[in-house]
Amino acid sequence: MEQRPLGKTGRMVSAIGFGAWGIGGDWGVVDDATSLRALHAAADAGVTLFDTADVYGAGRSERLLGQLLRERRGESLFVATKMGRGVPLDLAADTPEAFRGWVDRSRENLGVERLDLVQLHCLPTDIYYRPEVFAALDDLVAEGSIANYGVSVARVEEGLKAIEFPGVASVQIIYNIARQRPAERFLAEAARRDVGVLARVPLASGLLTGRLTRETVFDESDHRRFNRHGEAFDAGETFAGLDYETGLAFVEELRPLVPAGATMAQLALRWILMADAVTAAIPGAKSPEQARANAAAADLAPLPPGTMEQIAHLYAERVRPLVHQRW
């Protein structure tokens, strides 16, 4: 597995990570024993970066990762978690106190004394204009409860603003074949400032696996059923903001570009890794088979220039007018 530097953390992590949103239970029914096997399969395949959040299954995802850490004690695994999405933050009153409470809960769930990386979790845009928020995070680093901090953002502008603060070590941002705007300016600026980039929603909520169809039925607990138009949270989190039918048609046009012996998902992940400024793509997996297949994407040869050009053309023609300026 290729290893890449994660910005100012000083750590090397796998170019394919493991996004642990799904094993929290927000993508339909999951079984903890199967989820744990998926985590181990990823680690066996060389994955060292695991991304979670305190709200994924109300701590369920973090606790599963805590079990993985105990069972693989001594290995150099890196866990990034997130905080701040569960309840509104009263900036004037309780930022430091709230942060400490959330961090302590994540430390308990994960069974660690110090968190490797804490990311502000898609908070309102005005948060990134508040120096006191980042000062509170600096204090947590100084106290030793967290080693590094970063942000997970919904919009490119939020990422660009956040990295103006020198303590921000990483930015998690939606970047995939169907959401290419970060490549215009953000990736270069992150690299210039030595900020790690984690590409979230790399498979566009499963669209870019090529396995979804018009007949696919999503569980009632799956955000792909209840958040298609932003009913519960930002619409850009679900299918990268694309209308489902439009997304399915786009995938069919991409299908001839899949390398021989690879899957559509592996094409999509390898496309992300073509950007040197990206530290890692963090696809989810709910089974060992999915985890191994995701990890194998890092072994694919670089995509040919012709393939990259055709993907750029299809994006410009089919997707850019619909989502590019929204996020």
# chains A, B, ... in the order shown; residues from 1 in each chain; ligands from 1
$ select_by_dssp --residues "segment 19-205 of chain A" --states "strand (DSSP E or B)" --output "PDB file with N, CA and C atoms, in the first residue's frame"
ATOM      1  N   GLY A  19     -13.313   4.746   5.485  1.00  0.00           N
ATOM      2  CA  GLY A  19     -14.325   5.652   6.012  1.00  0.00           C
ATOM      3  C   GLY A  19     -15.349   4.879   6.813  1.00  0.00           C
ATOM      4  N   ASP A  26     -25.594   4.387   9.531  1.00  0.00           N
ATOM      5  CA  ASP A  26     -26.333   5.425   8.823  1.00  0.00           C
ATOM      6  C   ASP A  26     -26.478   5.131   7.330  1.00  0.00           C
ATOM      7  N   GLY A  28     -27.957   2.072   6.314  1.00  0.00           N
ATOM      8  CA  GLY A  28     -28.714   0.839   6.357  1.00  0.00           C
ATOM      9  C   GLY A  28     -28.220  -0.067   7.473  1.00  0.00           C
ATOM     10  N   LEU A  49      -5.089   4.260   7.774  1.00  0.00           N
ATOM     11  CA  LEU A  49      -5.881   5.449   8.084  1.00  0.00           C
ATOM     12  C   LEU A  49      -7.351   5.073   8.206  1.00  0.00           C
ATOM     13  N   PHE A  50      -7.932   5.379   9.352  1.00  0.00           N
ATOM     14  CA  PHE A  50      -9.340   5.092   9.608  1.00  0.00           C
ATOM     15  C   PHE A  50     -10.020   6.385  10.033  1.00  0.00           C
ATOM     16  N   ASP A  51     -11.125   6.717   9.372  1.00  0.00           N
ATOM     17  CA  ASP A  51     -11.828   7.976   9.636  1.00  0.00           C
ATOM     18  C   ASP A  51     -13.209   7.703  10.199  1.00  0.00           C
ATOM     19  N   PHE A  78      -3.700   4.908  12.352  1.00  0.00           N
ATOM     20  CA  PHE A  78      -4.001   6.324  12.567  1.00  0.00           C
ATOM     21  C   PHE A  78      -5.503   6.499  12.480  1.00  0.00           C
ATOM     22  N   VAL A  79      -6.115   7.012  13.546  1.00  0.00           N
ATOM     23  CA  VAL A  79      -7.561   7.201  13.584  1.00  0.00           C
ATOM     24  C   VAL A  79      -7.876   8.692  13.613  1.00  0.00           C
ATOM     25  N   ALA A  80      -8.622   9.133  12.637  1.00  0.00           N
ATOM     26  CA  ALA A  80      -9.125  10.501  12.595  1.00  0.00           C
ATOM     27  C   ALA A  80     -10.598  10.476  12.973  1.00  0.00           C
ATOM     28  N   THR A  81     -10.982  11.324  13.922  1.00  0.00           N
ATOM     29  CA  THR A  81     -12.393  11.411  14.262  1.00  0.00           C
ATOM     30  C   THR A  81     -12.855  12.851  14.056  1.00  0.00           C
ATOM     31  N   LYS A  82     -14.123  13.103  14.338  1.00  0.00           N
ATOM     32  CA  LYS A  82     -14.693  14.427  14.115  1.00  0.00           C
ATOM     33  C   LYS A  82     -15.601  14.788  15.284  1.00  0.00           C
ATOM     34  N   MET A  83     -15.856  16.078  15.419  1.00  0.00           N
ATOM     35  CA  MET A  83     -16.735  16.531  16.496  1.00  0.00           C
ATOM     36  C   MET A  83     -17.461  17.806  16.086  1.00  0.00           C
ATOM     37  N   LEU A 115      -6.048  11.615  21.010  1.00  0.00           N
ATOM     38  CA  LEU A 115      -6.601  11.399  19.682  1.00  0.00           C
ATOM     39  C   LEU A 115      -5.581  11.808  18.626  1.00  0.00           C
ATOM     40  N   LEU A 117      -6.131  12.683  15.468  1.00  0.00           N
ATOM     41  CA  LEU A 117      -6.607  13.829  14.689  1.00  0.00           C
ATOM     42  C   LEU A 117      -8.076  14.047  14.995  1.00  0.00           C
ATOM     43  N   VAL A 118      -8.431  15.279  15.325  1.00  0.00           N
ATOM     44  CA  VAL A 118      -9.831  15.671  15.509  1.00  0.00           C
ATOM     45  C   VAL A 118     -10.170  16.703  14.442  1.00  0.00           C
ATOM     46  N   GLN A 119     -11.307  16.501  13.776  1.00  0.00           N
ATOM     47  CA  GLN A 119     -11.728  17.411  12.724  1.00  0.00           C
ATOM     48  C   GLN A 119     -13.059  18.054  13.087  1.00  0.00           C
ATOM     49  N   LEU A 120     -13.155  19.371  12.924  1.00  0.00           N
ATOM     50  CA  LEU A 120     -14.443  20.020  13.057  1.00  0.00           C
ATOM     51  C   LEU A 120     -15.345  19.493  11.951  1.00  0.00           C
ATOM     52  N   HIS A 121     -16.551  19.093  12.313  1.00  0.00           N
ATOM     53  CA  HIS A 121     -17.369  18.262  11.435  1.00  0.00           C
ATOM     54  C   HIS A 121     -18.425  19.069  10.688  1.00  0.00           C
ATOM     55  N   ILE A 146      -5.310  15.890  22.267  1.00  0.00           N
ATOM     56  CA  ILE A 146      -5.305  15.613  20.835  1.00  0.00           C
ATOM     57  C   ILE A 146      -3.906  15.904  20.297  1.00  0.00           C
ATOM     58  N   TYR A 149      -5.237  18.682  14.747  1.00  0.00           N
ATOM     59  CA  TYR A 149      -6.626  18.976  14.401  1.00  0.00           C
ATOM     60  C   TYR A 149      -6.734  19.439  12.956  1.00  0.00           C
ATOM     61  N   GLY A 150      -7.945  19.250  12.425  1.00  0.00           N
ATOM     62  CA  GLY A 150      -8.236  19.658  11.064  1.00  0.00           C
ATOM     63  C   GLY A 150      -9.711  19.981  10.947  1.00  0.00           C
ATOM     64  N   VAL A 151     -10.189  20.028   9.722  1.00  0.00           N
ATOM     65  CA  VAL A 151     -11.597  20.341   9.489  1.00  0.00           C
ATOM     66  C   VAL A 151     -12.142  19.402   8.422  1.00  0.00           C
ATOM     67  N   SER A 152     -13.433  19.158   8.500  1.00  0.00           N
ATOM     68  CA  SER A 152     -14.163  18.483   7.436  1.00  0.00           C
ATOM     69  C   SER A 152     -15.181  19.492   6.940  1.00  0.00           C
ATOM     70  N   VAL A 168      -4.135  24.178  11.462  1.00  0.00           N
ATOM     71  CA  VAL A 168      -4.943  23.199  10.716  1.00  0.00           C
ATOM     72  C   VAL A 168      -4.018  22.267   9.953  1.00  0.00           C
ATOM     73  N   ALA A 169      -4.052  20.995  10.317  1.00  0.00           N
ATOM     74  CA  ALA A 169      -3.147  20.004   9.724  1.00  0.00           C
ATOM     75  C   ALA A 169      -3.745  19.295   8.529  1.00  0.00           C
ATOM     76  N   SER A 170      -5.077  19.283   8.438  1.00  0.00           N
ATOM     77  CA  SER A 170      -5.718  18.527   7.359  1.00  0.00           C
ATOM     78  C   SER A 170      -7.094  19.092   7.069  1.00  0.00           C
ATOM     79  N   VAL A 171      -7.535  18.843   5.851  1.00  0.00           N
ATOM     80  CA  VAL A 171      -8.894  19.195   5.434  1.00  0.00           C
ATOM     81  C   VAL A 171      -9.517  17.981   4.779  1.00  0.00           C
ATOM     82  N   GLN A 172     -10.710  17.651   5.227  1.00  0.00           N
ATOM     83  CA  GLN A 172     -11.485  16.581   4.595  1.00  0.00           C
ATOM     84  C   GLN A 172     -12.544  17.246   3.734  1.00  0.00           C
ATOM     85  N   ILE A 173     -12.572  16.872   2.457  1.00  0.00           N
ATOM     86  CA  ILE A 173     -13.437  17.573   1.506  1.00  0.00           C
ATOM     87  C   ILE A 173     -13.954  16.566   0.487  1.00  0.00           C
ATOM     88  N   ILE A 174     -15.157  16.794  -0.014  1.00  0.00           N
ATOM     89  CA  ILE A 174     -15.697  15.909  -1.040  1.00  0.00           C
ATOM     90  C   ILE A 174     -14.941  16.161  -2.343  1.00  0.00           C
ATOM     91  N   ASN A 176     -14.272  13.814  -5.902  1.00  0.00           N
ATOM     92  CA  ASN A 176     -14.413  12.578  -6.668  1.00  0.00           C
ATOM     93  C   ASN A 176     -14.686  12.921  -8.122  1.00  0.00           C
ATOM     94  N   ARG A 179     -17.337  15.412  -8.380  1.00  0.00           N
ATOM     95  CA  ARG A 179     -17.161  16.671  -7.633  1.00  0.00           C
ATOM     96  C   ARG A 179     -15.699  17.104  -7.770  1.00  0.00           C
ATOM     97  N   GLY A 196      -2.712  18.291   4.831  1.00  0.00           N
ATOM     98  CA  GLY A 196      -3.170  17.034   4.276  1.00  0.00           C
ATOM     99  C   GLY A 196      -4.584  17.146   3.747  1.00  0.00           C
ATOM    100  N   VAL A 197      -4.903  16.366   2.735  1.00  0.00           N
ATOM    101  CA  VAL A 197      -6.239  16.378   2.134  1.00  0.00           C
ATOM    102  C   VAL A 197      -6.796  14.967   2.154  1.00  0.00           C
ATOM    103  N   LEU A 198      -7.949  14.801   2.788  1.00  0.00           N
ATOM    104  CA  LEU A 198      -8.658  13.529   2.809  1.00  0.00           C
ATOM    105  C   LEU A 198      -9.889  13.672   1.917  1.00  0.00           C
ATOM    106  N   ALA A 199      -9.942  12.865   0.869  1.00  0.00           N
ATOM    107  CA  ALA A 199     -11.046  12.924  -0.083  1.00  0.00           C
ATOM    108  C   ALA A 199     -12.199  12.084   0.436  1.00  0.00           C
ATOM    109  N   ARG A 200     -13.231  12.761   0.916  1.00  0.00           N
ATOM    110  CA  ARG A 200     -14.379  12.037   1.450  1.00  0.00           C
ATOM    111  C   ARG A 200     -15.443  11.866   0.380  1.00  0.00           C
TER     112      ARG A 200
END
$ select_by_dssp --residues "segment 174-262 of chain A" --states "helix (DSSP H, G or I)" --output "PDB file with N, CA and C atoms, in the first residue's frame"
ATOM      1  N   ARG A 181     -14.406  20.303  -8.299  1.00  0.00           N
ATOM      2  CA  ARG A 181     -14.036  21.691  -8.055  1.00  0.00           C
ATOM      3  C   ARG A 181     -12.795  21.869  -7.176  1.00  0.00           C
ATOM      4  N   PRO A 182     -12.547  21.033  -6.159  1.00  0.00           N
ATOM      5  CA  PRO A 182     -11.343  21.235  -5.347  1.00  0.00           C
ATOM      6  C   PRO A 182     -10.046  21.277  -6.152  1.00  0.00           C
ATOM      7  N   ALA A 183     -10.026  20.663  -7.334  1.00  0.00           N
ATOM      8  CA  ALA A 183      -8.805  20.633  -8.135  1.00  0.00           C
ATOM      9  C   ALA A 183      -8.486  21.988  -8.754  1.00  0.00           C
ATOM     10  N   PHE A 186      -8.095  24.665  -4.638  1.00  0.00           N
ATOM     11  CA  PHE A 186      -7.901  24.219  -3.260  1.00  0.00           C
ATOM     12  C   PHE A 186      -6.733  23.262  -3.103  1.00  0.00           C
ATOM     13  N   LEU A 187      -6.620  22.259  -3.953  1.00  0.00           N
ATOM     14  CA  LEU A 187      -5.567  21.257  -3.777  1.00  0.00           C
ATOM     15  C   LEU A 187      -4.185  21.894  -3.808  1.00  0.00           C
ATOM     16  N   ALA A 188      -3.967  22.808  -4.726  1.00  0.00           N
ATOM     17  CA  ALA A 188      -2.664  23.460  -4.812  1.00  0.00           C
ATOM     18  C   ALA A 188      -2.379  24.303  -3.577  1.00  0.00           C
ATOM     19  N   GLU A 189      -3.395  24.983  -3.070  1.00  0.00           N
ATOM     20  CA  GLU A 189      -3.195  25.820  -1.889  1.00  0.00           C
ATOM     21  C   GLU A 189      -2.939  24.970  -0.651  1.00  0.00           C
ATOM     22  N   ALA A 190      -3.628  23.844  -0.542  1.00  0.00           N
ATOM     23  CA  ALA A 190      -3.387  22.941   0.583  1.00  0.00           C
ATOM     24  C   ALA A 190      -1.957  22.414   0.543  1.00  0.00           C
ATOM     25  N   ALA A 191      -1.489  22.041  -0.631  1.00  0.00           N
ATOM     26  CA  ALA A 191      -0.119  21.547  -0.763  1.00  0.00           C
ATOM     27  C   ALA A 191       0.884  22.633  -0.395  1.00  0.00           C
ATOM     28  N   ARG A 192       0.615  23.864  -0.811  1.00  0.00           N
ATOM     29  CA  ARG A 192       1.532  24.967  -0.518  1.00  0.00           C
ATOM     30  C   ARG A 192       1.663  25.203   0.982  1.00  0.00           C
ATOM     31  N   ALA A 204     -19.093   8.815  -4.275  1.00  0.00           N
ATOM     32  CA  ALA A 204     -20.373   9.499  -4.458  1.00  0.00           C
ATOM     33  C   ALA A 204     -21.527   8.680  -3.904  1.00  0.00           C
ATOM     34  N   SER A 205     -21.370   8.250  -2.654  1.00  0.00           N
ATOM     35  CA  SER A 205     -22.410   7.478  -1.956  1.00  0.00           C
ATOM     36  C   SER A 205     -22.767   6.184  -2.681  1.00  0.00           C
ATOM     37  N   GLY A 206     -21.799   5.606  -3.344  1.00  0.00           N
ATOM     38  CA  GLY A 206     -22.025   4.342  -4.027  1.00  0.00           C
ATOM     39  C   GLY A 206     -22.308   4.472  -5.513  1.00  0.00           C
ATOM     40  N   LEU A 207     -22.625   5.675  -5.985  1.00  0.00           N
ATOM     41  CA  LEU A 207     -22.893   5.850  -7.412  1.00  0.00           C
ATOM     42  C   LEU A 207     -21.720   5.362  -8.248  1.00  0.00           C
ATOM     43  N   LEU A 208     -20.509   5.721  -7.823  1.00  0.00           N
ATOM     44  CA  LEU A 208     -19.325   5.423  -8.618  1.00  0.00           C
ATOM     45  C   LEU A 208     -18.813   3.998  -8.431  1.00  0.00           C
ATOM     46  N   THR A 209     -19.573   3.178  -7.730  1.00  0.00           N
ATOM     47  CA  THR A 209     -19.238   1.750  -7.713  1.00  0.00           C
ATOM     48  C   THR A 209     -19.753   1.069  -8.981  1.00  0.00           C
ATOM     49  N   HIS A 223     -29.189   7.289   4.384  1.00  0.00           N
ATOM     50  CA  HIS A 223     -29.327   8.683   3.953  1.00  0.00           C
ATOM     51  C   HIS A 223     -29.553   8.797   2.442  1.00  0.00           C
ATOM     52  N   ARG A 224     -29.196   7.756   1.683  1.00  0.00           N
ATOM     53  CA  ARG A 224     -29.433   7.782   0.246  1.00  0.00           C
ATOM     54  C   ARG A 224     -30.915   7.676  -0.089  1.00  0.00           C
ATOM     55  N   ARG A 225     -31.702   7.364   0.924  1.00  0.00           N
ATOM     56  CA  ARG A 225     -33.156   7.352   0.743  1.00  0.00           C
ATOM     57  C   ARG A 225     -33.802   8.628   1.276  1.00  0.00           C
ATOM     58  N   PHE A 226     -33.311   9.113   2.430  1.00  0.00           N
ATOM     59  CA  PHE A 226     -34.035  10.208   3.077  1.00  0.00           C
ATOM     60  C   PHE A 226     -33.380  11.587   2.924  1.00  0.00           C
ATOM     61  N   ALA A 235     -27.285  18.526   1.037  1.00  0.00           N
ATOM     62  CA  ALA A 235     -27.576  17.618  -0.074  1.00  0.00           C
ATOM     63  C   ALA A 235     -26.318  17.132  -0.764  1.00  0.00           C
ATOM     64  N   GLY A 236     -25.242  17.897  -0.657  1.00  0.00           N
ATOM     65  CA  GLY A 236     -23.994  17.499  -1.284  1.00  0.00           C
ATOM     66  C   GLY A 236     -23.364  16.259  -0.678  1.00  0.00           C
ATOM     67  N   GLU A 237     -23.834  15.854   0.496  1.00  0.00           N
ATOM     68  CA  GLU A 237     -23.318  14.663   1.156  1.00  0.00           C
ATOM     69  C   GLU A 237     -23.862  13.375   0.520  1.00  0.00           C
ATOM     70  N   PHE A 239     -24.883  11.308  -2.832  1.00  0.00           N
ATOM     71  CA  PHE A 239     -24.620  11.215  -4.271  1.00  0.00           C
ATOM     72  C   PHE A 239     -23.861  12.436  -4.783  1.00  0.00           C
ATOM     73  N   ALA A 240     -23.029  13.033  -3.907  1.00  0.00           N
ATOM     74  CA  ALA A 240     -22.213  14.203  -4.248  1.00  0.00           C
ATOM     75  C   ALA A 240     -23.064  15.355  -4.781  1.00  0.00           C
ATOM     76  N   GLY A 241     -24.342  15.360  -4.422  1.00  0.00           N
ATOM     77  CA  GLY A 241     -25.230  16.433  -4.832  1.00  0.00           C
ATOM     78  C   GLY A 241     -25.924  16.218  -6.156  1.00  0.00           C
ATOM     79  N   TYR A 244     -30.181  11.469  -8.573  1.00  0.00           N
ATOM     80  CA  TYR A 244     -29.863  10.042  -8.679  1.00  0.00           C
ATOM     81  C   TYR A 244     -29.904   9.539 -10.121  1.00  0.00           C
ATOM     82  N   GLU A 245     -30.949   9.885 -10.850  1.00  0.00           N
ATOM     83  CA  GLU A 245     -31.072   9.418 -12.228  1.00  0.00           C
ATOM     84  C   GLU A 245     -29.943   9.980 -13.090  1.00  0.00           C
ATOM     85  N   THR A 246     -29.614  11.238 -12.894  1.00  0.00           N
ATOM     86  CA  THR A 246     -28.520  11.850 -13.638  1.00  0.00           C
ATOM     87  C   THR A 246     -27.205  11.148 -13.322  1.00  0.00           C
ATOM     88  N   GLY A 247     -27.010  10.821 -12.042  1.00  0.00           N
ATOM     89  CA  GLY A 247     -25.795  10.140 -11.637  1.00  0.00           C
ATOM     90  C   GLY A 247     -25.661   8.771 -12.275  1.00  0.00           C
ATOM     91  N   LEU A 248     -26.762   8.038 -12.340  1.00  0.00           N
ATOM     92  CA  LEU A 248     -26.726   6.706 -12.964  1.00  0.00           C
ATOM     93  C   LEU A 248     -26.342   6.801 -14.439  1.00  0.00           C
ATOM     94  N   ALA A 249     -26.881   7.802 -15.121  1.00  0.00           N
ATOM     95  CA  ALA A 249     -26.558   7.969 -16.537  1.00  0.00           C
ATOM     96  C   ALA A 249     -25.090   8.344 -16.723  1.00  0.00           C
ATOM     97  N   PHE A 250     -24.560   9.170 -15.840  1.00  0.00           N
ATOM     98  CA  PHE A 250     -23.153   9.572 -15.897  1.00  0.00           C
ATOM     99  C   PHE A 250     -22.247   8.358 -15.720  1.00  0.00           C
ATOM    100  N   VAL A 251     -22.603   7.495 -14.788  1.00  0.00           N
ATOM    101  CA  VAL A 251     -21.800   6.302 -14.533  1.00  0.00           C
ATOM    102  C   VAL A 251     -21.760   5.401 -15.764  1.00  0.00           C
ATOM    103  N   GLU A 252     -22.861   5.288 -16.462  1.00  0.00           N
ATOM    104  CA  GLU A 252     -22.867   4.445 -17.665  1.00  0.00           C
ATOM    105  C   GLU A 252     -21.899   4.975 -18.718  1.00  0.00           C
ATOM    106  N   GLU A 253     -21.736   6.284 -18.787  1.00  0.00           N
ATOM    107  CA  GLU A 253     -20.783   6.849 -19.744  1.00  0.00           C
ATOM    108  C   GLU A 253     -19.341   6.650 -19.295  1.00  0.00           C
ATOM    109  N   LEU A 254     -19.135   6.490 -17.987  1.00  0.00           N
ATOM    110  CA  LEU A 254     -17.791   6.232 -17.474  1.00  0.00           C
ATOM    111  C   LEU A 254     -17.384   4.770 -17.632  1.00  0.00           C
ATOM    112  N   ARG A 255     -18.357   3.880 -17.706  1.00  0.00           N
ATOM    113  CA  ARG A 255     -18.080   2.451 -17.625  1.00  0.00           C
ATOM    114  C   ARG A 255     -17.050   1.962 -18.656  1.00  0.00           C
ATOM    115  N   PRO A 256     -17.061   2.440 -19.898  1.00  0.00           N
ATOM    116  CA  PRO A 256     -16.060   1.949 -20.861  1.00  0.00           C
ATOM    117  C   PRO A 256     -14.620   2.332 -20.503  1.00  0.00           C
ATOM    118  N   LEU A 257     -14.438   3.245 -19.553  1.00  0.00           N
ATOM    119  CA  LEU A 257     -13.097   3.704 -19.190  1.00  0.00           C
ATOM    120  C   LEU A 257     -12.453   2.855 -18.094  1.00  0.00           C
TER     121      LEU A 257
END
$ closest_atom_pairs --of "segment 183-214 of chain A" --to "segment 283-298 of chain A" --cutoff "8 Å" --atoms "only C-alpha atoms" --output "tab-separated table"
residue	atom	partner	partner_atom	distance
A:Arg200	CA	A:Pro283	CA	7.1
A:Val201	CA	A:Pro283	CA	6.6
A:Pro202	CA	A:Pro283	CA	5.9
A:Leu203	CA	A:Pro283	CA	6.7
$ atom_distance --atom1 "atom CA of Leu39 of chain A" --atom2 "atom CA of Ile272 of chain A"
21.8 Å
$ closest_residue --among "A:Pro305, A:Trp21, A:Thr279, A:Ala53" --to "Glu2 of chain A" --atoms "only C-alpha atoms"
A:Thr279
$ residues_around --residues "Asp299 of chain A" --least-positions-apart "2" --cutoff "12 Å" --atoms "only C-alpha atoms" --output "PyMOL selection string"
chain A and resi 1-3+14-16+45-46+261-262+266-267+269-270+273+292-297+301-303
$ write_last_selection --atoms "N, CA and C atoms" --output "PDB file, in the first residue's frame"
ATOM      1  N   MET A   1       0.844  -1.195   0.000  1.00  0.00           N
ATOM      2  CA  MET A   1       0.000   0.000   0.000  1.00  0.00           C
ATOM      3  C   MET A   1       0.880   1.246   0.000  1.00  0.00           C
ATOM      4  N   GLU A   2       0.605   2.138  -0.933  1.00  0.00           N
ATOM      5  CA  GLU A   2       1.323   3.411  -0.982  1.00  0.00           C
ATOM      6  C   GLU A   2       1.045   4.210   0.287  1.00  0.00           C
ATOM      7  N   GLN A   3       2.086   4.848   0.817  1.00  0.00           N
ATOM      8  CA  GLN A   3       1.963   5.709   1.984  1.00  0.00           C
ATOM      9  C   GLN A   3       2.212   7.161   1.563  1.00  0.00           C
ATOM     10  N   SER A  14      -1.854   5.447   4.754  1.00  0.00           N
ATOM     11  CA  SER A  14      -2.157   4.748   3.507  1.00  0.00           C
ATOM     12  C   SER A  14      -2.947   5.642   2.554  1.00  0.00           C
ATOM     13  N   ALA A  15      -2.655   5.515   1.263  1.00  0.00           N
ATOM     14  CA  ALA A  15      -3.328   6.327   0.254  1.00  0.00           C
ATOM     15  C   ALA A  15      -4.809   5.979   0.131  1.00  0.00           C
ATOM     16  N   ILE A  16      -5.179   4.767   0.478  1.00  0.00           N
ATOM     17  CA  ILE A  16      -6.578   4.381   0.620  1.00  0.00           C
ATOM     18  C   ILE A  16      -6.842   4.192   2.099  1.00  0.00           C
ATOM     19  N   ALA A  45      -4.818  -5.476   4.481  1.00  0.00           N
ATOM     20  CA  ALA A  45      -4.480  -5.051   3.124  1.00  0.00           C
ATOM     21  C   ALA A  45      -3.572  -3.823   3.102  1.00  0.00           C
ATOM     22  N   GLY A  46      -3.169  -3.360   4.273  1.00  0.00           N
ATOM     23  CA  GLY A  46      -2.238  -2.240   4.333  1.00  0.00           C
ATOM     24  C   GLY A  46      -2.847  -0.898   4.675  1.00  0.00           C
ATOM     25  N   GLY A 261      -9.686  -5.756 -15.786  1.00  0.00           N
ATOM     26  CA  GLY A 261      -9.416  -6.410 -14.517  1.00  0.00           C
ATOM     27  C   GLY A 261      -9.752  -5.585 -13.291  1.00  0.00           C
ATOM     28  N   ALA A 262     -10.201  -4.335 -13.490  1.00  0.00           N
ATOM     29  CA  ALA A 262     -10.550  -3.457 -12.370  1.00  0.00           C
ATOM     30  C   ALA A 262     -12.060  -3.274 -12.307  1.00  0.00           C
ATOM     31  N   GLN A 266     -12.787   0.996  -8.287  1.00  0.00           N
ATOM     32  CA  GLN A 266     -11.327   1.122  -8.295  1.00  0.00           C
ATOM     33  C   GLN A 266     -10.870   2.199  -9.267  1.00  0.00           C
ATOM     34  N   LEU A 267     -11.539   2.325 -10.410  1.00  0.00           N
ATOM     35  CA  LEU A 267     -11.257   3.443 -11.313  1.00  0.00           C
ATOM     36  C   LEU A 267     -11.462   4.767 -10.590  1.00  0.00           C
ATOM     37  N   LEU A 269     -11.459   5.483  -7.389  1.00  0.00           N
ATOM     38  CA  LEU A 269     -10.475   5.717  -6.338  1.00  0.00           C
ATOM     39  C   LEU A 269      -9.106   6.044  -6.931  1.00  0.00           C
ATOM     40  N   ARG A 270      -8.726   5.337  -7.991  1.00  0.00           N
ATOM     41  CA  ARG A 270      -7.425   5.616  -8.608  1.00  0.00           C
ATOM     42  C   ARG A 270      -7.397   7.003  -9.228  1.00  0.00           C
ATOM     43  N   LEU A 273      -6.412   9.429  -6.578  1.00  0.00           N
ATOM     44  CA  LEU A 273      -5.000   9.342  -6.217  1.00  0.00           C
ATOM     45  C   LEU A 273      -4.082   9.908  -7.293  1.00  0.00           C
ATOM     46  N   ARG A 292     -11.214  -5.046   1.035  1.00  0.00           N
ATOM     47  CA  ARG A 292     -10.065  -5.510   0.246  1.00  0.00           C
ATOM     48  C   ARG A 292     -10.076  -4.915  -1.154  1.00  0.00           C
ATOM     49  N   ALA A 293     -11.262  -4.838  -1.756  1.00  0.00           N
ATOM     50  CA  ALA A 293     -11.360  -4.284  -3.117  1.00  0.00           C
ATOM     51  C   ALA A 293     -10.972  -2.808  -3.130  1.00  0.00           C
ATOM     52  N   ASN A 294     -11.412  -2.059  -2.121  1.00  0.00           N
ATOM     53  CA  ASN A 294     -11.036  -0.643  -2.041  1.00  0.00           C
ATOM     54  C   ASN A 294      -9.523  -0.494  -1.930  1.00  0.00           C
ATOM     55  N   ALA A 295      -8.924  -1.262  -1.049  1.00  0.00           N
ATOM     56  CA  ALA A 295      -7.479  -1.163  -0.839  1.00  0.00           C
ATOM     57  C   ALA A 295      -6.706  -1.473  -2.113  1.00  0.00           C
ATOM     58  N   ALA A 296      -7.224  -2.406  -2.907  1.00  0.00           N
ATOM     59  CA  ALA A 296      -6.535  -2.820  -4.127  1.00  0.00           C
ATOM     60  C   ALA A 296      -6.477  -1.718  -5.170  1.00  0.00           C
ATOM     61  N   ALA A 297      -7.319  -0.699  -5.028  1.00  0.00           N
ATOM     62  CA  ALA A 297      -7.292   0.405  -5.994  1.00  0.00           C
ATOM     63  C   ALA A 297      -5.944   1.106  -6.008  1.00  0.00           C
ATOM     64  N   ALA A 301      -2.245   0.727 -11.933  1.00  0.00           N
ATOM     65  CA  ALA A 301      -1.312   1.625 -12.614  1.00  0.00           C
ATOM     66  C   ALA A 301      -1.949   3.001 -12.764  1.00  0.00           C
ATOM     67  N   PRO A 302      -1.137   4.053 -12.857  1.00  0.00           N
ATOM     68  CA  PRO A 302      -1.699   5.385 -13.105  1.00  0.00           C
ATOM     69  C   PRO A 302      -2.615   5.377 -14.321  1.00  0.00           C
ATOM     70  N   LEU A 303      -3.673   6.131 -14.262  1.00  0.00           N
ATOM     71  CA  LEU A 303      -4.613   6.168 -15.376  1.00  0.00           C
ATOM     72  C   LEU A 303      -3.969   6.875 -16.568  1.00  0.00           C
TER      73      LEU A 303
END
$ atom_distance --atom1 "atom CA of Tyr315 of chain A" --atom2 "atom CA of Ile177 of chain A"
7.3 Å
$ residues_around --residues "Gly25 of chain A" --least-positions-apart "3" --cutoff "10 Å" --atoms "only C-alpha atoms" --output "PyMOL selection string"
chain A and resi 20-22+28-32+56-58+60-61+221-222+286
$ write_last_selection --atoms "C-alpha atoms" --output "mmCIF file, in the first residue's frame"
data_model
loop_
_atom_site.group_PDB
_atom_site.id
_atom_site.type_symbol
_atom_site.label_atom_id
_atom_site.label_comp_id
_atom_site.auth_asym_id
_atom_site.auth_seq_id
_atom_site.Cartn_x
_atom_site.Cartn_y
_atom_site.Cartn_z
ATOM 1 C CA ALA A 20 -16.258 4.385 9.001
ATOM 2 C CA TRP A 21 -19.533 6.272 8.525
ATOM 3 C CA GLY A 22 -21.275 3.206 7.143
ATOM 4 C CA GLY A 28 -28.714 0.839 6.357
ATOM 5 C CA VAL A 29 -28.553 -2.165 8.653
ATOM 6 C CA VAL A 30 -25.072 -3.290 9.698
ATOM 7 C CA ASP A 31 -23.746 -6.092 11.853
ATOM 8 C CA ASP A 32 -20.926 -5.236 14.256
ATOM 9 C CA TYR A 56 -21.629 7.967 13.453
ATOM 10 C CA GLY A 57 -24.116 5.714 15.185
ATOM 11 C CA ALA A 58 -23.856 7.883 18.325
ATOM 12 C CA ARG A 60 -20.912 3.051 17.583
ATOM 13 C CA SER A 61 -18.339 3.579 14.835
ATOM 14 C CA SER A 221 -32.204 4.351 7.796
ATOM 15 C CA ASP A 222 -30.003 5.013 4.730
ATOM 16 C CA LYS A 286 -19.356 -2.811 5.289
#
